[in-house]
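File shown: work_30.tsv. Contents: TSV, C-alpha atoms.
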chain	number	residue	atom	x	y	z
H	1	MET	CA	0.00	0.00	0.00
H	2	ALA	CA	1.35	3.44	-0.97
H	3	LYS	CA	2.36	5.63	1.93
H	4	ARG	CA	0.26	8.69	2.68
H	5	ASP	CA	1.74	12.14	2.32
H	6	TYR	CA	3.39	13.21	5.58
H	7	TYR	CA	1.81	16.67	5.46
H	8	GLU	CA	-1.58	15.08	4.97
H	9	ILE	CA	-1.00	12.75	7.93
H	10	LEU	CA	-0.31	15.69	10.25
H	11	GLY	CA	-3.04	17.82	8.68
H	12	ILE	CA	-0.76	20.75	7.86
H	13	SER	CA	0.24	22.70	4.78
H	14	LYS	CA	3.63	22.39	3.06
H	15	THR	CA	4.49	25.89	4.29
H	16	ALA	CA	3.91	25.02	7.97
H	17	ASP	CA	6.65	26.19	10.32
H	18	ALA	CA	8.27	24.18	13.11
H	19	ASN	CA	5.74	25.31	15.72
H	20	GLU	CA	2.80	24.30	13.54
H	21	ILE	CA	4.37	20.89	12.90
H	22	LYS	CA	4.97	20.29	16.59
H	23	SER	CA	1.47	21.47	17.54
H	24	ALA	CA	-0.15	19.12	15.03
H	25	PHE	CA	2.02	16.24	16.25
H	26	ARG	CA	1.11	16.90	19.90
H	27	LYS	CA	-2.60	16.74	19.14
H	28	LEU	CA	-2.51	13.58	17.02
H	29	ALA	CA	0.01	11.71	19.17
H	30	LYS	CA	-2.17	12.19	22.21
H	31	GLN	CA	-5.29	11.20	20.25
H	32	TYR	CA	-3.87	7.89	19.04
H	33	HIS	CA	-1.58	7.01	21.94
H	34	PRO	CA	-1.75	3.26	22.82
H	35	ASP	CA	-2.35	3.95	26.52
H	36	LEU	CA	-5.49	5.87	25.58
H	37	ASN	CA	-6.57	3.31	22.99
H	38	PRO	CA	-5.85	-0.13	24.45
H	39	ASP	CA	-6.27	-3.07	22.03
H	40	ASN	CA	-7.09	-0.68	19.18
H	41	LYS	CA	-5.02	-1.80	16.16
H	42	GLU	CA	-6.22	1.08	13.98
H	43	ALA	CA	-5.15	3.70	16.54
H	44	GLU	CA	-1.85	1.88	16.95
H	45	ALA	CA	-1.20	2.06	13.20
H	46	LYS	CA	-2.12	5.76	13.08
H	47	PHE	CA	0.12	6.46	16.05
H	48	LYS	CA	3.05	4.87	14.23
H	49	GLU	CA	2.18	6.81	11.06
H	50	VAL	CA	2.04	10.13	12.95
H	51	ASN	CA	5.44	9.49	14.54
H	52	GLU	CA	6.97	8.60	11.19
H	53	ALA	CA	5.67	11.81	9.62
H	54	TYR	CA	6.90	13.93	12.51
H	55	GLU	CA	10.31	12.24	12.57
H	56	VAL	CA	10.88	13.40	8.99
H	57	LEU	CA	9.17	16.81	8.94
H	58	SER	CA	10.66	17.99	12.24
H	59	ASP	CA	14.18	17.50	10.86
H	60	PRO	CA	15.05	20.35	8.43
H	61	ASP	CA	17.44	18.18	6.37
H	62	LYS	CA	15.03	15.24	6.09
H	63	ARG	CA	12.17	17.58	5.34
H	64	ALA	CA	14.13	19.20	2.51
H	65	LYS	CA	14.84	15.79	0.99
H	66	TYR	CA	11.22	14.73	1.40
H	67	ASP	CA	9.96	17.93	-0.25
H	68	GLN	CA	12.24	17.23	-3.22
H	69	PHE	CA	11.98	13.47	-3.65
H	70	GLY	CA	9.01	12.37	-1.55
H	71	HIS	CA	9.11	8.95	0.11
H	72	ALA	CA	11.75	7.83	-2.38
H	73	ALA	CA	14.26	9.98	-0.48
H	74	PHE	CA	14.39	7.35	2.28
H	75	ASP	CA	15.18	3.69	1.87
H	76	GLN	CA	14.39	1.02	4.43
H	77	ASN	CA	17.64	1.46	6.29
H	78	ALA	CA	17.43	5.24	6.47
H	79	GLY	CA	13.77	5.63	7.25
H	80	PHE	CA	11.56	5.15	10.26
H	81	GLY	CA	11.57	1.36	10.05
H	82	GLY	CA	15.33	0.90	9.73
H	83	GLY	CA	18.52	2.24	11.18
H	84	GLY	CA	17.34	5.86	11.34
H	85	ALA	CA	15.90	7.57	14.34
H	86	GLY	CA	13.34	5.34	16.06
H	87	PHE	CA	10.56	6.01	18.52
H	88	ASN	CA	12.88	5.90	21.50
H	89	ASP	CA	14.60	9.06	20.18
H	90	PHE	CA	11.43	11.00	21.00
H	91	GLY	CA	11.83	10.76	24.77
H	92	ASP	CA	12.21	14.50	25.34
H	93	ILE	CA	9.37	15.35	22.98
H	94	PHE	CA	6.93	12.95	24.58
H	95	GLY	CA	8.04	13.95	28.07
H	96	ASP	CA	7.07	17.51	27.16
H	97	ILE	CA	3.76	16.55	25.53
H	98	PHE	CA	2.44	13.91	27.94
H	99	GLY	CA	4.13	14.95	31.17
H	100	ASP	CA	1.00	16.39	32.72
H	101	PHE	CA	-1.30	13.65	31.42
H	102	PHE	CA	0.72	10.57	32.36
H	103	GLY	CA	2.45	12.02	35.39
H	104	GLY	CA	5.92	12.03	33.84
H	105	GLY	CA	7.98	11.76	30.69
H	106	PHE	CA	8.77	8.82	28.44
H	107	GLY	CA	12.01	6.88	28.64
H	108	GLY	CA	12.46	8.05	32.22
H	109	THR	CA	13.21	11.67	31.27
H	110	GLY	CA	10.32	13.30	33.12
H	111	GLN	CA	8.94	13.20	36.62
H	112	ARG	CA	5.69	14.58	37.96
H	113	ALA	CA	5.92	17.13	40.73
H	114	GLN	CA	5.09	15.61	44.08
H	115	ARG	CA	2.12	16.86	46.07
H	116	THR	CA	4.09	17.25	49.26
H	117	GLY	CA	4.10	21.04	49.35
H	118	PRO	CA	1.66	23.37	51.11
H	119	LYS	CA	-1.88	23.45	49.74
H	120	ALA	CA	-4.17	26.45	50.16
H	121	GLY	CA	-7.61	25.98	51.66
H	122	SER	CA	-10.74	26.41	49.56
H	123	ASP	CA	-12.93	29.52	49.64
H	124	LEU	CA	-16.37	29.68	51.24
H	125	LYS	CA	-19.47	31.64	50.20
H	126	ILE	CA	-22.53	32.63	52.23
H	127	LYS	CA	-25.56	34.86	51.68
H	128	LEU	CA	-26.45	37.49	54.27
H	129	ASP	CA	-29.89	39.11	54.40
H	130	ILE	CA	-29.95	42.65	55.83
H	131	GLU	CA	-32.58	45.37	56.26
H	132	PHE	CA	-32.96	48.32	53.89
H	133	GLU	CA	-31.80	50.80	56.53
H	134	GLU	CA	-28.80	48.65	57.45
H	135	ALA	CA	-27.63	48.77	53.84
H	136	ALA	CA	-28.16	52.52	53.71
H	137	PHE	CA	-26.27	53.42	56.88
H	138	GLY	CA	-24.00	50.44	57.44
H	139	THR	CA	-24.08	48.04	60.35
H	140	LYS	CA	-22.20	45.32	62.18
H	141	LYS	CA	-23.39	41.73	61.89
H	142	GLU	CA	-22.48	38.42	63.46
H	143	ILE	CA	-22.43	35.52	61.04
H	144	LYS	CA	-22.10	31.79	61.60
H	145	ILE	CA	-20.10	29.54	59.28
H	146	ASN	CA	-18.99	25.92	59.12
H	147	ARG	CA	-15.45	25.46	57.87
H	148	ILE	CA	-12.67	22.89	57.77
H	149	GLU	CA	-9.87	23.45	60.25
H	150	LYS	CA	-6.88	21.39	61.31
H	151	CYS	CA	-7.68	18.85	63.99
H	152	HIS	CA	-7.22	20.35	67.44
H	153	VAL	CA	-6.09	17.00	68.87
H	154	CYS	CA	-3.29	16.07	66.46
H	155	ASP	CA	-2.65	19.64	65.23
H	156	GLY	CA	-3.33	18.55	61.65
H	157	SER	CA	-0.80	15.71	61.48
H	158	GLY	CA	-3.42	12.96	61.39
H	159	ALA	CA	-1.29	10.85	63.73
H	160	LYS	CA	-2.36	9.69	67.16
H	161	LYS	CA	-1.13	11.90	69.98
H	162	GLY	CA	2.39	10.83	70.98
H	163	THR	CA	3.11	9.29	67.55
H	164	SER	CA	4.23	10.69	64.22
H	165	LYS	CA	3.98	9.96	60.51
H	166	LYS	CA	6.31	7.45	58.90
H	167	THR	CA	8.01	7.36	55.52
H	168	CYS	CA	5.76	5.69	52.95
H	169	PRO	CA	7.06	2.13	52.33
H	170	THR	CA	5.63	2.01	48.82
H	171	CYS	CA	7.36	5.08	47.35
H	172	ASN	CA	10.12	5.44	49.97
H	173	GLY	CA	9.04	9.00	50.67
H	174	SER	CA	9.16	10.25	47.08
H	175	GLY	CA	5.37	10.51	46.77
H	176	SER	CA	5.41	8.94	43.30
H	177	ILE	CA	5.72	5.56	41.61
H	178	ARG	CA	7.58	5.02	38.34
H	179	THR	CA	6.38	2.26	36.02
H	180	VAL	CA	7.90	0.99	32.77
H	181	GLN	CA	5.85	-0.52	29.94
H	182	ARG	CA	7.12	-2.18	26.80
H	183	THR	CA	5.14	-1.57	23.59
H	184	PRO	CA	5.70	-2.27	19.86
H	185	PHE	CA	7.06	1.28	19.63
H	186	GLY	CA	9.59	1.13	22.38
H	187	GLN	CA	9.75	1.46	26.14
H	188	PHE	CA	7.48	3.88	27.98
H	189	ALA	CA	8.15	5.12	31.49
H	190	SER	CA	5.55	7.03	33.47
H	191	THR	CA	5.51	8.49	36.95
H	192	LYS	CA	2.28	8.52	38.94
H	193	ILE	CA	1.15	9.68	42.34
H	194	CYS	CA	1.68	7.03	45.00
H	195	THR	CA	-1.74	5.71	45.98
H	196	THR	CA	-0.55	4.57	49.40
H	197	CYS	CA	0.36	8.05	50.66
H	198	ASN	CA	-1.50	10.13	48.03
H	199	GLY	CA	1.71	11.84	47.05
H	200	THR	CA	2.71	13.07	50.50
H	201	GLY	CA	5.55	10.58	50.98
H	202	GLU	CA	4.30	9.83	54.49
H	203	VAL	CA	1.76	7.47	56.04
H	204	VAL	CA	-0.03	7.41	59.36
H	205	GLU	CA	0.40	4.11	61.17
H	206	GLU	CA	-1.68	5.07	64.21
H	207	PRO	CA	-4.43	7.49	63.15
H	208	CYS	CA	-5.72	10.21	65.42
H	209	THR	CA	-8.93	9.01	67.06
H	210	SER	CA	-10.55	12.42	66.74
H	211	CYS	CA	-10.11	13.02	62.99
H	212	GLU	CA	-9.49	9.38	61.98
H	213	GLY	CA	-6.17	10.29	60.41
H	214	THR	CA	-7.38	13.06	58.10
H	215	GLY	CA	-5.84	15.85	60.14
H	216	LYS	CA	-9.03	17.88	59.59
H	217	GLU	CA	-12.24	18.63	61.42
H	218	LYS	CA	-15.34	20.70	60.66
H	219	LYS	CA	-15.93	23.55	63.07
H	220	SER	CA	-18.77	26.03	63.52
H	221	ARG	CA	-17.49	29.57	63.96
H	222	LYS	CA	-19.08	32.96	64.66
H	223	LEU	CA	-17.52	35.94	62.95
H	224	SER	CA	-18.19	39.66	63.24
H	225	ILE	CA	-18.46	41.55	59.96
H	226	ASN	CA	-18.70	45.29	59.27
H	227	ILE	CA	-21.25	46.14	56.56
H	228	PRO	CA	-20.30	49.49	54.97
H	229	ALA	CA	-22.97	52.07	54.17
H	230	GLY	CA	-24.14	51.91	50.57
H	231	VAL	CA	-23.98	48.16	49.94
H	232	ASP	CA	-26.61	46.80	47.58
H	233	THR	CA	-28.02	43.40	46.71
H	234	GLY	CA	-25.21	41.53	44.95
H	235	SER	CA	-22.42	43.34	46.83
H	236	VAL	CA	-19.68	40.96	47.97
H	237	ILE	CA	-17.63	41.46	51.13
H	238	PRO	CA	-14.44	39.36	51.28
H	239	LEU	CA	-13.04	38.17	54.59
H	240	ARG	CA	-9.46	37.13	53.89
H	241	GLY	CA	-8.24	33.95	55.53
H	242	GLU	CA	-11.64	33.01	56.98
H	243	GLY	CA	-12.29	30.14	54.57
H	244	ASN	CA	-11.30	26.48	54.92
H	245	HIS	CA	-7.84	25.99	56.41
H	246	GLY	CA	-4.99	24.86	54.18
H	247	GLU	CA	-3.01	21.63	54.27
H	248	ARG	CA	0.65	21.05	55.13
H	249	GLY	CA	1.09	24.64	56.24
H	250	GLY	CA	-0.81	26.15	53.29
H	251	PRO	CA	-2.79	29.37	53.78
H	252	ALA	CA	-6.51	29.38	54.55
H	253	GLY	CA	-9.01	30.27	51.85
H	254	ASP	CA	-11.25	33.33	51.93
H	255	LEU	CA	-14.87	33.82	52.92
H	256	TYR	CA	-17.11	35.76	50.54
H	257	VAL	CA	-20.29	37.28	51.98
H	258	TYR	CA	-22.97	37.99	49.37
H	259	ILE	CA	-25.37	40.73	50.45
H	260	ASN	CA	-29.13	40.52	49.90
H	261	ILE	CA	-31.34	43.46	50.94
H	262	LYS	CA	-34.84	42.74	52.18
H	263	PRO	CA	-37.74	44.64	50.56
H	264	HIS	CA	-38.97	47.79	52.35
H	265	GLU	CA	-42.58	48.73	52.98
H	266	ILE	CA	-42.22	52.24	51.59
H	267	PHE	CA	-38.92	52.67	49.80
H	268	GLU	CA	-37.51	51.22	46.63
H	269	ARG	CA	-33.90	51.52	45.59
H	270	ASP	CA	-32.40	52.44	42.23
H	271	GLY	CA	-28.63	52.54	42.59
H	272	ASN	CA	-27.99	55.20	45.21
H	273	ASP	CA	-31.39	56.83	44.67
H	274	VAL	CA	-34.49	56.08	46.72
H	275	TRP	CA	-38.06	56.13	45.42
H	276	CYS	CA	-41.38	56.26	47.24
H	277	GLU	CA	-45.01	57.01	46.46
H	278	ILE	CA	-46.99	59.56	48.47
H	279	PRO	CA	-50.80	59.77	48.46
H	280	ILE	CA	-52.26	63.30	48.74
H	281	SER	CA	-55.81	64.55	48.77
H	282	PHE	CA	-57.58	66.09	45.80
H	283	ALA	CA	-57.81	69.40	47.66
H	284	LYS	CA	-54.08	69.43	48.46
H	285	ALA	CA	-53.21	68.67	44.85
H	286	ALA	CA	-55.52	71.41	43.62
H	287	ILE	CA	-54.63	74.28	45.93
H	288	GLY	CA	-51.17	73.13	47.09
H	289	GLY	CA	-49.79	73.03	50.59
H	290	SER	CA	-47.19	71.39	52.80
H	291	ILE	CA	-46.94	67.64	53.35
H	292	GLN	CA	-44.72	65.37	55.45
H	293	VAL	CA	-42.52	63.13	53.31
H	294	PRO	CA	-40.80	60.08	54.82
H	295	THR	CA	-37.10	59.64	54.01
H	296	ILE	CA	-34.52	57.12	55.19
H	297	GLU	CA	-33.31	59.83	57.62
H	298	GLY	CA	-36.76	60.75	58.93
H	299	LYS	CA	-39.68	62.94	57.83
H	300	VAL	CA	-39.13	66.20	55.98
H	301	LYS	CA	-41.53	68.99	55.03
H	302	TYR	CA	-42.27	69.61	51.36
H	303	GLU	CA	-44.44	72.26	49.70
H	304	VAL	CA	-46.67	70.77	47.03
H	305	PRO	CA	-47.42	73.32	44.30
H	306	GLU	CA	-51.05	73.95	43.34
H	307	GLY	CA	-52.33	72.00	40.38
H	308	THR	CA	-50.17	68.94	41.09
H	309	GLN	CA	-51.23	65.94	38.98
H	310	THR	CA	-51.16	62.21	39.70
H	311	GLY	CA	-47.79	60.79	38.64
H	312	THR	CA	-45.89	64.01	39.29
H	313	VAL	CA	-42.39	63.30	40.61
H	314	PHE	CA	-40.44	65.68	42.79
H	315	ARG	CA	-36.87	65.35	43.98
H	316	LEU	CA	-35.29	65.63	47.40
H	317	LYS	CA	-31.60	66.25	46.80
H	318	ASN	CA	-29.03	64.25	48.84
H	319	LYS	CA	-31.74	62.30	50.64
H	320	GLY	CA	-30.70	59.01	49.05
H	321	ILE	CA	-28.04	56.44	49.91
H	322	LYS	CA	-24.34	57.05	50.43
H	323	ASN	CA	-22.03	56.19	47.56
H	324	LEU	CA	-20.22	52.99	48.54
H	325	ARG	CA	-17.06	53.81	46.58
H	326	GLY	CA	-16.78	57.54	47.02
H	327	ALA	CA	-18.19	60.75	48.39
H	328	GLY	CA	-21.71	61.99	47.91
H	329	LYS	CA	-25.20	60.57	48.21
H	330	GLY	CA	-28.05	59.77	45.94
H	331	ASP	CA	-31.40	61.59	45.85
H	332	GLN	CA	-34.91	60.67	46.88
H	333	TYR	CA	-37.69	60.80	44.29
H	334	VAL	CA	-41.30	61.09	45.41
H	335	ARG	CA	-44.13	60.12	43.08
H	336	VAL	CA	-47.49	61.75	43.83
H	337	LYS	CA	-50.70	59.75	43.84
H	338	ILE	CA	-53.94	61.68	44.23
H	339	GLU	CA	-56.51	59.89	46.33
H	340	VAL	CA	-60.17	60.16	45.37
H	341	PRO	CA	-62.55	59.65	48.29
H	342	LYS	CA	-64.91	56.72	47.87
H	343	LYS	CA	-67.59	57.97	50.27
H	344	LEU	CA	-68.78	61.57	50.56
H	345	THR	CA	-71.23	63.22	52.91
H	346	ASP	CA	-74.14	65.20	51.47
H	347	LYS	CA	-72.38	68.41	52.34
H	348	GLN	CA	-69.18	67.28	50.56
H	349	LYS	CA	-71.18	66.32	47.48
H	350	THR	CA	-72.87	69.72	47.44
H	351	ILE	CA	-69.55	71.50	47.73
H	352	LEU	CA	-68.08	69.44	44.87
H	353	GLN	CA	-71.14	70.05	42.68
H	354	GLU	CA	-70.79	73.77	43.27
H	355	PHE	CA	-67.13	73.48	42.42
H	356	ALA	CA	-67.94	71.65	39.20
H	357	GLN	CA	-70.42	74.34	38.23
H	358	GLU	CA	-67.79	76.96	38.90
H	359	MET	CA	-65.47	75.06	36.58
H	360	GLY	CA	-68.16	75.03	33.88
H	361	GLU	CA	-68.87	71.34	34.10
H	362	GLN	CA	-72.45	70.25	33.21
H	363	GLN	CA	-73.97	67.78	35.62
H	364	ASP	CA	-76.94	66.35	33.71
H	365	LYS	CA	-78.40	63.07	32.62
H	366	ASP	CA	-75.94	62.77	29.73
H	367	ASP	CA	-73.20	62.17	32.27
H	368	LYS	CA	-74.98	58.99	33.29
H	369	LYS	CA	-74.74	57.44	29.82
H	370	GLY	CA	-71.22	56.34	30.42
H	371	PHE	CA	-68.30	56.16	27.98
H	372	PHE	CA	-69.76	53.69	25.48
H	373	GLY	CA	-73.11	55.51	25.39
H	374	LYS	CA	-71.37	58.75	24.54
H	375	MET	CA	-69.32	56.97	21.86
H	376	LYS	CA	-72.52	55.70	20.27
H	377	ASP	CA	-74.02	59.19	20.19
H	378	ALA	CA	-70.83	60.66	18.74
H	379	PHE	CA	-70.87	58.34	15.71
H	380	LYS	CA	-74.56	58.61	14.84
H	381	ASP	CA	-75.27	59.40	11.17
Can the structure in the file be given as structure tokens, please?
Amino acid sequence: MAKRDYYEILGISKTADANEIKSAFRKLAKQYHPDLNPDNKEAEAKFKEVNEAYEVLSDPDKRAKYDQFGHAAFDQNAGFGGGGAGFNDFGDIFGDIFGDFFGGGFGGTGQRAQRTGPKAGSDLKIKLDIEFEEAAFGTKKEIKINRIEKCHVCDGSGAKKGTSKKTCPTCNGSGSIRTVQRTPFGQFASTKICTTCNGTGEVVEEPCTSCEGTGKEKKSRKLSINIPAGVDTGSVIPLRGEGNHGERGGPAGDLYVYINIKPHEIFERDGNDVWCEIPISFAKAAIGGSIQVPTIEGKVKYEVPEGTQTGTVFRLKNKGIKNLRGAGKGDQYVRVKIEVPKKLTDKQKTILQEFAQEMGEQQDKDDKKGFFGKMKDAFKD
């Protein structure tokens, strides 16, 4: 069977540079690697084909010959299957490509980093509900959290009091195990985390009775937190170092407090501005006058101009919420709603009828027809 074009095998153009060739090889070599495709003859053949193409195209001299003469440039003794460079010459390349995946290099050139160093603790998140006024003016709250801390009995070692950890007998303290596998393409060596000690290089022979050898325990803690004025729903307050404790001397994680503001009976918030709706009487709207307006700081007096209509909005400057990230405050906006009395005394009705007459309104039977009756009259032929 005729050999496939090397460029076609790697899926690259004939103008591809060294980085493109290596990138294509990395992707395909990992895709067809025997360890990822056990007992797959087709993947095994493709893996060999990919290596052969890369062995030629990654070498500038061989690539030049291949570009000029094709496969005829290499006889059996000079090519991949003969006395030329074989698969075992790719140790450094495969160590670079598969080091992270397999835990080490090939041919014994690589070694995975041991997990014996300090490990930071994970972060925690909680939601805190606060009142509208507390968000506006700031407050101090006590919160309760459950977090992982080092065991108070063994001080995080995991060993029974009076004993200590021992060197792992499986990996001799290295935290990793090196295995060698022979394949049709050469010898593979990989380094993996020791499953006996989980990469720490140490084992606990007599576990702590309190934490059962984990070195950790879950504790409930109460913390005091300052809520600054101006926080809003969605604001996040970080408490550094108040998360889960780290391992092997690693730092603790952080605690993130997510603020949620409870709804208010009167006020609504829009950024740093505050909105509310005020009902006023028909008489007050018509002739004007002073009203008491509630604000987050208390009641203030406001003069309503005569002729005020329902839906009118007036502004109280600097009566809003403090800017969380700077100076200044928002404003308060008051929307007017005119209340129409549902029940009137005879005297009140008489006064309103006189008022209507003064305004030129006709109070007759036509007013009793209603909207649709008047529409019908309006469109009569």
Inset, instruction - Could you check how far atom CA of H:Gly234 sits from atom CA of H:Phe314, in Å to one decimal? - result: 28.6 Å
Inset, instruction - Considering all atoms listed in the file, return as a ChimeraX atom specification whatever protein or nucleic-acid residues lie within 12 Å of H:Cys168, sequence-local ones (same chain, fewer than 2 positions apart) excluded. - result: /H:165-166,170-177,194-205
May I have the residues at most 6 Å from (-30.8, 42.6, 53.6) in the file's coordinates, counting all atoms listed in the file, as a CSV table (one decimal) with C-alpha atoms, keeping the file's coordinate frame?
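The file below, result.csv, is the result:
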chain,number,residue,atom,x,y,z
H,129,ASP,CA,-29.9,39.1,54.4
H,130,ILE,CA,-30.0,42.6,55.8
H,131,GLU,CA,-32.6,45.4,56.3
H,260,ASN,CA,-29.1,40.5,49.9
H,261,ILE,CA,-31.3,43.5,50.9
H,262,LYS,CA,-34.8,42.7,52.2
Legend entry - Pairwise distance for atom CA of H:Thr233 and atom CA of H:His264, rounded to one decimal in Å: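 That distance, rounded to one decimal, is 13.1 Å.
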Inset, instruction - Select, from H:Ala72, H:Lys144, H:Lys216, H:Glu42, the residue with the minimum atom-to-atom distance to H:Arg248, counting only C-alpha atoms. - result: H:Lys216
Legend entry - Residues within 9 Å of H:Tyr333, all atoms listed in the file, excluding chain neighbours under 3 positions, as number ranges by chain: H: 273-277, 313-317, 319-320
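With atom CA of H:Phe137 on one side and atom CA of H:Leu239 on the other, the separation reads 20.3 Å.
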Taking only residues of stretch 52-78 of chain H that have an atom at most 12 Å from an atom of stretch 14-36 of chain H, what is each one's shortest atom pair and its distance in Å to one decimal, using all atoms listed in the file, in chain and number order, as JSON lines?
{"residue": "H:Glu52", "atom": "CA", "partner": "H:Phe25", "partner_atom": "CA", "distance": 10.4}
{"residue": "H:Ala53", "atom": "CA", "partner": "H:Phe25", "partner_atom": "CA", "distance": 8.8}
{"residue": "H:Tyr54", "atom": "CA", "partner": "H:Phe25", "partner_atom": "CA", "distance": 6.6}
{"residue": "H:Glu55", "atom": "CA", "partner": "H:Phe25", "partner_atom": "CA", "distance": 9.9}
{"residue": "H:Val56", "atom": "CA", "partner": "H:Ile21", "partner_atom": "CA", "distance": 10.7}
{"residue": "H:Leu57", "atom": "CA", "partner": "H:Ile21", "partner_atom": "CA", "distance": 7.4}
{"residue": "H:Ser58", "atom": "CA", "partner": "H:Ala18", "partner_atom": "CA", "distance": 6.7}
{"residue": "H:Asp59", "atom": "CA", "partner": "H:Ala18", "partner_atom": "CA", "distance": 9.2}
{"residue": "H:Pro60", "atom": "CA", "partner": "H:Ala18", "partner_atom": "CA", "distance": 9.1}
{"residue": "H:Arg63", "atom": "CA", "partner": "H:Lys14", "partner_atom": "CA", "distance": 10.1}
{"residue": "H:Ala64", "atom": "CA", "partner": "H:Lys14", "partner_atom": "CA", "distance": 11.0}
{"residue": "H:Tyr66", "atom": "CA", "partner": "H:Lys14", "partner_atom": "CA", "distance": 10.9}
{"residue": "H:Asp67", "atom": "CA", "partner": "H:Lys14", "partner_atom": "CA", "distance": 8.4}
{"residue": "H:Gln68", "atom": "CA", "partner": "H:Lys14", "partner_atom": "CA", "distance": 11.8}
Draw an axis-aligned box over all listed atoms of stretch 127-143 of chain H, pad each side with 3 Å, and write its centre and edge lengths in Å, one decimal, as AutoDock Vina command-line options.
--center_x -27.6 --center_y 44.1 --center_z 57.6 --size_x 16.8 --size_y 24.6 --size_z 17.8
Inset, instruction - May I have the residues at most 9 Å from (-13.4, 34.9, 50.4) in the file's coordinates, counting all atoms listed in the file, as JSON, numbers by chain? - result: {"H": [122, 123, 124, 125, 237, 238, 239, 240, 241, 242, 243, 253, 254, 255, 256, 257]}
Legend entry - Surrounding residues of H:Leu223 excluding itself and chain neighbours under 4 positions, 8 Å, all atoms listed in the file, as a list in words: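 The filter keeps Glu142, Ile143, Lys144 and Ile145 of chain H.
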So that I can check the surroundings of stretch 291-294 of chain H, please list as a PDB file with C-alpha atoms, keeping the file's coordinate frame every protein, DNA and RNA residue that reaches within 10 Å of it, counting only C-alpha atoms and ignoring chain neighbours fewer than 6 positions away.
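Saved file selection10.pdb follows:
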ATOM      1  CA  ILE H 266     -42.220  52.240  51.590  1.00  0.00           C
ATOM      2  CA  PHE H 267     -38.920  52.670  49.800  1.00  0.00           C
ATOM      3  CA  CYS H 276     -41.380  56.260  47.240  1.00  0.00           C
ATOM      4  CA  GLU H 277     -45.010  57.010  46.460  1.00  0.00           C
ATOM      5  CA  ILE H 278     -46.990  59.560  48.470  1.00  0.00           C
ATOM      6  CA  ILE H 280     -52.260  63.300  48.740  1.00  0.00           C
ATOM      7  CA  LYS H 284     -54.080  69.430  48.460  1.00  0.00           C
ATOM      8  CA  VAL H 300     -39.130  66.200  55.980  1.00  0.00           C
ATOM      9  CA  LYS H 301     -41.530  68.990  55.030  1.00  0.00           C
ATOM     10  CA  TYR H 302     -42.270  69.610  51.360  1.00  0.00           C
ATOM     11  CA  GLU H 303     -44.440  72.260  49.700  1.00  0.00           C
ATOM     12  CA  VAL H 304     -46.670  70.770  47.030  1.00  0.00           C
ATOM     13  CA  LEU H 316     -35.290  65.630  47.400  1.00  0.00           C
ATOM     14  CA  GLN H 332     -34.910  60.670  46.880  1.00  0.00           C
ATOM     15  CA  VAL H 334     -41.300  61.090  45.410  1.00  0.00           C
TER      16      VAL H 334
END
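Shortest atom-to-atom contact with H:Gln309 among H:Glu339, H:Glu297, H:Asp331, H:Glu133: H:Glu339, counting only C-alpha atoms.
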